[in-house]
>>> print(open('target_3.txt').read())   # compact mmCIF, C-alpha atoms
# COMPACT_ATOMS: atom_id res chain seq x y z
CA MET A 223 8.55 9.36 23.39
CA LYS A 224 10.42 7.06 21.02
CA PRO A 225 11.45 8.46 17.62
CA HIS A 226 8.92 6.41 15.63
CA GLU A 227 6.14 7.45 18.02
CA LYS A 228 7.16 11.11 17.64
CA HIS A 229 7.16 10.79 13.86
CA ARG A 230 3.77 9.10 13.88
CA ALA A 231 2.36 11.93 15.99
CA GLU A 232 3.78 14.53 13.59
CA ALA A 233 2.59 12.80 10.43
CA ARG A 234 -0.27 13.98 8.25
CA HIS A 235 -3.34 12.20 9.60
CA ALA A 236 -5.98 12.54 6.86
CA LEU A 237 -5.00 11.05 3.51
CA ILE A 238 -6.74 10.72 0.14
CA PHE A 239 -6.92 7.14 -1.15
CA ASP A 240 -7.56 6.09 -4.74
CA ILE A 241 -8.91 2.54 -5.06
CA VAL A 242 -8.40 0.32 -8.11
CA THR A 243 -9.97 -3.12 -8.36
CA VAL A 244 -8.22 -5.32 -10.91
CA SER A 245 -10.59 -8.03 -12.14
CA SER A 246 -11.10 -9.02 -15.76
CA SER A 247 -14.35 -10.84 -15.00
CA ARG A 248 -15.95 -7.84 -13.27
CA PHE A 249 -14.61 -5.49 -15.94
CA LYS A 250 -16.34 -7.56 -18.65
CA MET A 251 -19.56 -7.61 -16.65
CA MET A 252 -19.42 -3.82 -16.24
CA HIS A 253 -18.93 -3.24 -19.95
CA SER A 254 -21.66 -5.69 -20.92
CA GLY A 255 -24.11 -3.91 -18.67
CA SER A 256 -24.46 -6.91 -16.37
CA GLU A 257 -24.93 -6.49 -12.64
CA TYR A 258 -21.78 -7.07 -10.63
CA LYS A 259 -20.44 -6.51 -7.14
CA ASP A 260 -17.06 -5.18 -6.07
CA GLU A 261 -17.12 -6.41 -2.49
CA SER A 262 -13.39 -5.93 -1.93
CA GLY A 263 -13.40 -2.40 -3.31
CA ASP A 264 -16.47 -1.48 -1.26
CA LEU A 265 -14.85 -2.92 1.87
CA ALA A 266 -11.62 -0.99 1.24
CA ALA A 267 -13.57 2.27 0.86
CA ARG A 268 -15.44 1.63 4.11
CA LEU A 269 -12.28 0.83 6.08
CA ILE A 270 -10.56 3.93 4.68
CA LEU A 271 -13.45 6.13 5.79
CA GLU A 272 -13.61 4.45 9.20
CA ALA A 273 -9.92 5.28 9.68
CA GLY A 274 -10.66 8.97 9.12
CA HIS A 275 -9.35 9.24 5.56
CA THR A 276 -10.97 10.14 2.23
CA ALA A 277 -11.88 7.58 -0.43
CA GLY A 278 -11.12 9.32 -3.72
CA ASN A 279 -11.33 7.82 -7.19
CA ARG A 280 -12.71 4.30 -7.66
CA THR A 281 -11.65 2.42 -10.78
CA LEU A 282 -12.32 -1.07 -12.13
CA LEU A 283 -9.74 -2.50 -14.53
CA PRO A 284 -9.05 -5.80 -16.28
CA ASP A 285 -5.83 -7.72 -15.73
CA GLU A 286 -4.00 -5.76 -18.43
CA LYS A 287 -0.57 -4.22 -17.88
CA VAL A 288 -1.12 -1.19 -20.10
CA MET A 289 -4.26 -0.10 -18.26
CA ILE A 290 -2.77 -0.76 -14.83
CA ARG A 291 0.35 1.19 -15.77
CA ARG A 292 -1.74 4.14 -16.94
CA VAL A 293 -3.75 4.35 -13.71
CA VAL A 294 -0.54 4.34 -11.66
CA GLN A 295 0.89 7.14 -13.80
CA ASP A 296 -2.31 9.17 -13.36
CA PHE A 297 -2.20 8.63 -9.60
CA LEU A 298 1.40 9.85 -9.37
CA LYS A 299 0.35 13.12 -11.04
CA SER A 300 -2.72 13.55 -8.83
CA GLY A 301 -3.31 15.04 -5.40
CA ALA A 302 -4.06 11.67 -3.81
CA HIS A 303 -1.63 10.20 -1.28
CA VAL A 304 -2.27 6.45 -1.40
CA LEU A 305 -3.13 4.10 -4.26
CA VAL A 306 -4.73 0.80 -3.26
CA LEU A 307 -4.76 -1.84 -6.00
CA ILE A 308 -6.91 -4.87 -5.22
CA GLY A 309 -6.42 -8.12 -7.11
CA GLY A 310 -3.88 -9.62 -9.47
CA THR A 311 -1.36 -10.49 -6.75
CA GLY A 312 -1.60 -14.27 -7.06
CA VAL A 313 0.31 -16.79 -9.18
CA SER A 314 -2.11 -17.25 -12.09
CA PRO A 315 -0.69 -16.31 -15.52
CA SER A 316 -3.31 -13.54 -15.66
CA ASP A 317 -2.15 -12.01 -12.34
CA VAL A 318 0.02 -9.09 -13.50
CA THR A 319 -0.59 -6.33 -10.96
CA VAL A 320 2.61 -6.75 -8.96
CA GLU A 321 5.03 -6.98 -11.89
CA THR A 322 3.34 -3.95 -13.51
CA VAL A 323 3.40 -1.76 -10.40
CA VAL A 324 6.74 -2.60 -8.75
CA PRO A 325 8.83 -0.83 -11.45
CA PHE A 326 7.23 2.45 -10.29
CA PHE A 327 8.55 1.98 -6.74
CA GLU A 328 11.41 4.17 -5.59
CA LYS A 329 11.47 2.29 -2.27
CA GLU A 330 9.85 -1.12 -1.87
CA LEU A 331 8.41 -1.89 1.57
CA ALA A 332 9.24 -5.59 1.65
CA GLY A 333 8.02 -5.85 5.24
CA PHE A 334 4.44 -5.09 4.12
CA GLY A 335 4.05 -8.34 2.22
CA GLU A 336 6.11 -10.30 4.73
CA LEU A 337 3.95 -9.21 7.67
CA LEU A 338 0.71 -9.69 5.74
CA ARG A 339 1.65 -13.26 4.85
CA SER A 340 2.70 -13.91 8.45
CA ILE A 341 -0.62 -12.61 9.80
CA SER A 342 -2.59 -14.51 7.14
CA TYR A 343 -0.75 -17.72 7.98
CA GLN A 344 -2.44 -17.68 11.39
CA THR A 345 -5.85 -18.10 9.75
CA ILE A 346 -5.32 -19.75 6.35
CA GLY A 347 -2.10 -21.66 6.91
CA SER A 348 0.47 -22.26 4.20
CA ALA A 349 -1.88 -20.92 1.50
CA ALA A 350 -0.66 -17.49 2.63
CA ILE A 351 2.43 -17.93 0.44
CA LEU A 352 0.24 -17.65 -2.67
CA THR A 353 -0.15 -13.88 -2.34
CA ARG A 354 2.55 -11.59 -3.69
CA ALA A 355 1.02 -8.56 -1.98
CA THR A 356 3.50 -5.73 -1.64
CA ALA A 357 3.84 -1.98 -1.16
CA GLY A 358 6.23 0.80 -2.03
CA THR A 359 6.69 4.53 -2.27
CA ALA A 360 7.05 6.76 -5.33
CA LYS A 361 7.11 10.55 -5.63
CA GLY A 362 6.22 10.94 -1.96
CA LYS A 363 3.17 8.70 -2.26
CA LEU A 364 2.32 5.17 -1.13
CA ILE A 365 1.19 2.36 -3.44
CA VAL A 366 -0.14 -0.92 -2.02
CA CYS A 367 -1.02 -4.09 -3.91
CA LEU A 368 -3.55 -6.20 -2.02
CA PRO A 369 -5.10 -9.63 -2.59
CA GLY A 370 -8.45 -9.64 -4.35
CA SER A 371 -10.39 -11.35 -1.58
CA PRO A 372 -12.37 -9.30 0.97
CA GLU A 373 -10.56 -11.20 3.72
CA GLY A 374 -7.17 -10.20 2.34
CA VAL A 375 -8.22 -6.57 1.98
CA GLU A 376 -9.60 -6.43 5.50
CA THR A 377 -6.53 -8.09 7.03
CA ALA A 378 -4.14 -5.74 5.25
CA LEU A 379 -5.97 -2.47 5.89
CA ARG A 380 -6.92 -3.20 9.50
CA SER A 381 -3.33 -4.24 10.22
CA PHE A 382 -1.44 -1.43 8.48
CA ILE A 383 -3.59 1.60 7.64
CA SER A 384 -2.61 3.32 10.90
CA GLU A 385 0.98 3.41 9.61
CA PHE A 386 0.15 4.92 6.21
CA PRO A 387 0.28 8.61 7.28
CA HIS A 388 3.70 7.95 8.84
CA ILE A 389 4.96 6.35 5.62
CA VAL A 390 3.60 9.14 3.39
CA SER A 391 5.12 11.84 5.60
CA ILE A 392 8.56 10.21 5.48
CA ALA A 393 8.35 9.47 1.74
CA GLY A 394 7.35 13.07 1.07
CA GLY A 395 10.29 14.40 3.06
CA HIS A 396 8.09 15.95 5.75
CA ILE A 397 9.70 13.81 8.48
CA VAL A 398 13.32 12.67 8.56
CA SER A 399 13.54 8.89 8.72
CA ILE A 400 15.17 6.73 11.36
CA ALA A 401 18.42 4.88 10.64
CA GLY A 402 19.70 2.08 12.81
CA GLY A 403 17.17 2.88 15.52
CA PHE A 404 18.33 6.49 15.97
CA ASP A 405 16.39 9.65 15.11
CA THR A 406 18.52 11.13 12.34
CA GLY A 407 16.48 14.31 12.45
CA ASN A 408 18.67 15.77 15.20
CA PRO A 409 22.48 16.09 15.47
CA ALA A 410 22.78 13.81 18.50
CA GLY A 411 20.78 11.09 16.79
CA ARG A 412 22.87 11.41 13.62
CA ALA A 413 26.12 11.18 15.57
CA ASN A 414 24.92 8.15 17.51
CA SER A 415 23.74 6.50 14.32
CA GLU A 416 27.04 7.15 12.53
CA ASN A 417 29.06 5.91 15.50
CA HIS A 418 26.90 2.81 15.69
CA LEU A 419 27.31 2.06 11.99
CA THR A 420 31.10 2.49 12.01
CA LYS A 421 31.40 -0.19 14.67
CA HIS A 422 29.79 -2.85 12.50
>>> encode(input="target_3.txt", output="structure tokens")
Amino acid sequence: MKPHEKHRAEARHALIFDIVTVSSSRFKMMHSGSEYKDESGDLAARLILEAGHTAGNRTLLPDEKVMIRRVVQDFLKSGAHVLVLIGGTGVSPSDVTVETVVPFFEKELAGFGELLRSISYQTIGSAAILTRATAGTAKGKLIVCLPGSPEGVETALRSFISEFPHIVSIAGGHIVSIAGGFDTGNPAGRANSENHLTKH
């Protein structure tokens, strides 16, 4: 068994997800008492449950940095493992989710957004560059910023949710990470990794 496969097998399998939909238009409708739908948030909750996890708190927020920042702070103090923020990842002046959330990251997972855009390119072409979707870890938890469209949410979660327990376990220090392709959790792996690195 390869190191990453071993780590995946050892990782916590059932996680608690908090879901935040960031949409000023829906937030105004909610507060005015108008009927509205949160299709992307509903889809995220369903995919989380289908993957064997728990959908925890659901929140609807406007595109306002102060409110987004507060919900991230609350999540980091909670017992939830993953925060999914939906919306506000585009290039409109009102899209502020990414720049509000990234400062909380201790480790940014640049590959998340890169792979999502690459997968999306296969279906929507060059328009895939318009999403700034990203993910990162903080205080042993995972935070992901997804596009607001149901298609973007489905692509991201179906593609990556199987890796989330692995990420949370490593971020929380429950599993030692892999460096340079070697399992640094055992002395032989550490020695091989160090020898490999000193040759480059």
>>> atom_distance(input="target_3.txt", atom1="CA of Ser254 (chain A)", atom2="CA of Val242 (chain A)")
19.4 Å
>>> closest_residue(input="target_3.txt", among="A:Met289, A:Val390, A:Ile241, A:Ile341", to="Arg268 (chain A)", atoms="only C-alpha atoms")
A:Ile241
>>> closest_residue(input="target_3.txt", among="A:Glu328, A:Glu321, A:Glu385, A:Asp264", to="Cys367 (chain A)", atoms="all atoms listed in the file")
A:Glu321
>>> atom_distance(input="target_3.txt", atom1="CA of Ile290 (chain A)", atom2="CA of Ser256 (chain A)")
22.6 Å
>>> closest_residue(input="target_3.txt", among="A:Val313, A:Ala355, A:Ala349, A:Ile308", to="Ala332 (chain A)", atoms="only C-alpha atoms")
A:Ala355
>>> closest_residue(input="target_3.txt", among="A:Arg280, A:His303, A:His388, A:Arg292", to="Gly362 (chain A)", atoms="all atoms listed in the file")
A:His303
>>> residues_around(input="target_3.txt", residues="Tyr258 (chain A)", least_positions_apart="5", cutoff="8 Å", atoms="all atoms listed in the file", output="PyMOL selection string")
chain A and resi 248+251-252
>>> closest_residue(input="target_3.txt", among="A:Ile346, A:Glu373, A:Glu272, A:Val244", to="Glu286 (chain A)", atoms="all atoms listed in the file")
A:Val244
>>> atom_distance(input="target_3.txt", atom1="CA of Gly309 (chain A)", atom2="CA of Ile351 (chain A)")
15.2 Å
>>> residues_around(input="target_3.txt", residues="Arg339 (chain A)", least_positions_apart="2", cutoff="8 Å", atoms="only C-alpha atoms", output="mmCIF file with C-alpha atoms, in the frame of the given file")
data_model
loop_
_atom_site.group_PDB
_atom_site.id
_atom_site.type_symbol
_atom_site.label_atom_id
_atom_site.label_comp_id
_atom_site.auth_asym_id
_atom_site.auth_seq_id
_atom_site.Cartn_x
_atom_site.Cartn_y
_atom_site.Cartn_z
ATOM 1 C CA GLY A 335 4.050 -8.340 2.220
ATOM 2 C CA GLU A 336 6.110 -10.300 4.730
ATOM 3 C CA LEU A 337 3.950 -9.210 7.670
ATOM 4 C CA ILE A 341 -0.620 -12.610 9.800
ATOM 5 C CA SER A 342 -2.590 -14.510 7.140
ATOM 6 C CA TYR A 343 -0.750 -17.720 7.980
ATOM 7 C CA ALA A 350 -0.660 -17.490 2.630
ATOM 8 C CA ILE A 351 2.430 -17.930 0.440
ATOM 9 C CA THR A 353 -0.150 -13.880 -2.340
#
>>> closest_residue(input="target_3.txt", among="A:Gly301, A:Ser247, A:Leu307, A:Phe327", to="Gly263 (chain A)", atoms="only C-alpha atoms")
A:Leu307
>>> build_atoms(input="target_3.txt", residues="region 345-381 of chain A", atoms="N, CA and C atoms", output="mmCIF file, in the coordinates of the input")
data_model
loop_
_atom_site.group_PDB
_atom_site.id
_atom_site.type_symbol
_atom_site.label_atom_id
_atom_site.label_comp_id
_atom_site.auth_asym_id
_atom_site.auth_seq_id
_atom_site.Cartn_x
_atom_site.Cartn_y
_atom_site.Cartn_z
ATOM 1 N N THR A 345 -4.466 -17.718 10.025
ATOM 2 C CA THR A 345 -5.850 -18.100 9.750
ATOM 3 C C THR A 345 -6.009 -19.038 8.550
ATOM 4 N N ILE A 346 -5.144 -18.903 7.543
ATOM 5 C CA ILE A 346 -5.320 -19.750 6.350
ATOM 6 C C ILE A 346 -4.173 -20.718 6.122
ATOM 7 N N GLY A 347 -3.203 -20.718 7.026
ATOM 8 C CA GLY A 347 -2.100 -21.660 6.910
ATOM 9 C C GLY A 347 -1.162 -21.367 5.764
ATOM 10 N N SER A 348 -0.576 -22.425 5.211
ATOM 11 C CA SER A 348 0.470 -22.260 4.200
ATOM 12 C C SER A 348 -0.026 -21.645 2.899
ATOM 13 N N ALA A 349 -1.339 -21.572 2.699
ATOM 14 C CA ALA A 349 -1.880 -20.920 1.500
ATOM 15 C C ALA A 349 -1.504 -19.446 1.457
ATOM 16 N N ALA A 350 -1.053 -18.908 2.578
ATOM 17 C CA ALA A 350 -0.660 -17.490 2.630
ATOM 18 C C ALA A 350 0.492 -17.185 1.683
ATOM 19 N N ILE A 351 1.290 -18.188 1.332
ATOM 20 C CA ILE A 351 2.430 -17.930 0.440
ATOM 21 C C ILE A 351 1.986 -17.606 -0.982
ATOM 22 N N LEU A 352 0.708 -17.854 -1.298
ATOM 23 C CA LEU A 352 0.240 -17.650 -2.670
ATOM 24 C C LEU A 352 0.010 -16.183 -3.017
ATOM 25 N N THR A 353 0.015 -15.297 -2.023
ATOM 26 C CA THR A 353 -0.150 -13.880 -2.340
ATOM 27 C C THR A 353 1.203 -13.199 -2.466
ATOM 28 N N ARG A 354 1.326 -12.379 -3.491
ATOM 29 C CA ARG A 354 2.550 -11.590 -3.690
ATOM 30 C C ARG A 354 2.312 -10.133 -3.307
ATOM 31 N N ALA A 355 1.359 -9.915 -2.422
ATOM 32 C CA ALA A 355 1.020 -8.560 -1.980
ATOM 33 C C ALA A 355 2.285 -7.800 -1.573
ATOM 34 N N THR A 356 2.315 -6.531 -1.928
ATOM 35 C CA THR A 356 3.500 -5.730 -1.640
ATOM 36 C C THR A 356 3.114 -4.250 -1.555
ATOM 37 N N ALA A 357 4.071 -3.424 -1.224
ATOM 38 C CA ALA A 357 3.840 -1.980 -1.160
ATOM 39 C C ALA A 357 5.146 -1.258 -1.422
ATOM 40 N N GLY A 358 5.033 -0.002 -1.796
ATOM 41 C CA GLY A 358 6.230 0.800 -2.030
ATOM 42 C C GLY A 358 5.877 2.263 -2.151
ATOM 43 N N THR A 359 6.896 3.094 -2.151
ATOM 44 C CA THR A 359 6.690 4.530 -2.270
ATOM 45 C C THR A 359 7.223 5.039 -3.605
ATOM 46 N N ALA A 360 6.613 6.096 -4.087
ATOM 47 C CA ALA A 360 7.050 6.760 -5.330
ATOM 48 C C ALA A 360 6.553 8.188 -5.309
ATOM 49 N N LYS A 361 7.442 9.119 -5.570
ATOM 50 C CA LYS A 361 7.110 10.550 -5.630
ATOM 51 C C LYS A 361 6.372 11.031 -4.373
ATOM 52 N N GLY A 362 6.810 10.529 -3.226
ATOM 53 C CA GLY A 362 6.220 10.940 -1.960
ATOM 54 C C GLY A 362 4.865 10.338 -1.665
ATOM 55 N N LYS A 363 4.466 9.345 -2.434
ATOM 56 C CA LYS A 363 3.170 8.700 -2.260
ATOM 57 C C LYS A 363 3.358 7.217 -1.927
ATOM 58 N N LEU A 364 2.291 6.588 -1.479
ATOM 59 C CA LEU A 364 2.320 5.170 -1.130
ATOM 60 C C LEU A 364 1.430 4.379 -2.086
ATOM 61 N N ILE A 365 1.949 3.265 -2.577
ATOM 62 C CA ILE A 365 1.190 2.360 -3.440
ATOM 63 C C ILE A 365 1.168 0.988 -2.770
ATOM 64 N N VAL A 366 -0.030 0.410 -2.620
ATOM 65 C CA VAL A 366 -0.140 -0.920 -2.020
ATOM 66 C C VAL A 366 -0.885 -1.845 -2.965
ATOM 67 N N CYS A 367 -0.392 -3.061 -3.084
ATOM 68 C CA CYS A 367 -1.020 -4.090 -3.910
ATOM 69 C C CYS A 367 -1.571 -5.163 -2.988
ATOM 70 N N LEU A 368 -2.887 -5.298 -2.956
ATOM 71 C CA LEU A 368 -3.550 -6.200 -2.020
ATOM 72 C C LEU A 368 -4.172 -7.394 -2.747
ATOM 73 N N PRO A 369 -4.381 -8.486 -2.019
ATOM 74 C CA PRO A 369 -5.100 -9.630 -2.590
ATOM 75 C C PRO A 369 -6.507 -9.217 -2.989
ATOM 76 N N GLY A 370 -7.120 -9.989 -3.878
ATOM 77 C CA GLY A 370 -8.450 -9.640 -4.350
ATOM 78 C C GLY A 370 -9.583 -10.024 -3.422
ATOM 79 N N SER A 371 -9.322 -10.890 -2.464
ATOM 80 C CA SER A 371 -10.390 -11.350 -1.580
ATOM 81 C C SER A 371 -10.733 -10.310 -0.524
ATOM 82 N N PRO A 372 -11.998 -10.229 -0.116
ATOM 83 C CA PRO A 372 -12.370 -9.300 0.970
ATOM 84 C C PRO A 372 -11.574 -9.580 2.239
ATOM 85 N N GLU A 373 -11.313 -10.855 2.518
ATOM 86 C CA GLU A 373 -10.560 -11.200 3.720
ATOM 87 C C GLU A 373 -9.145 -10.639 3.663
ATOM 88 N N GLY A 374 -8.518 -10.729 2.500
ATOM 89 C CA GLY A 374 -7.170 -10.200 2.340
ATOM 90 C C GLY A 374 -7.135 -8.693 2.470
ATOM 91 N N VAL A 375 -8.131 -8.027 1.895
ATOM 92 C CA VAL A 375 -8.220 -6.570 1.980
ATOM 93 C C VAL A 375 -8.413 -6.131 3.422
ATOM 94 N N GLU A 376 -9.319 -6.810 4.115
ATOM 95 C CA GLU A 376 -9.600 -6.430 5.500
ATOM 96 C C GLU A 376 -8.382 -6.654 6.395
ATOM 97 N N THR A 377 -7.715 -7.803 6.226
ATOM 98 C CA THR A 377 -6.530 -8.090 7.030
ATOM 99 C C THR A 377 -5.455 -7.031 6.816
ATOM 100 N N ALA A 378 -5.202 -6.695 5.566
ATOM 101 C CA ALA A 378 -4.140 -5.740 5.250
ATOM 102 C C ALA A 378 -4.462 -4.341 5.781
ATOM 103 N N LEU A 379 -5.646 -3.847 5.497
ATOM 104 C CA LEU A 379 -5.970 -2.470 5.890
ATOM 105 C C LEU A 379 -6.129 -2.332 7.402
ATOM 106 N N ARG A 380 -6.788 -3.288 8.038
ATOM 107 C CA ARG A 380 -6.920 -3.200 9.500
ATOM 108 C C ARG A 380 -5.561 -3.299 10.185
ATOM 109 N N SER A 381 -4.644 -4.042 9.604
ATOM 110 C CA SER A 381 -3.330 -4.240 10.220
ATOM 111 C C SER A 381 -2.406 -3.045 10.014
#
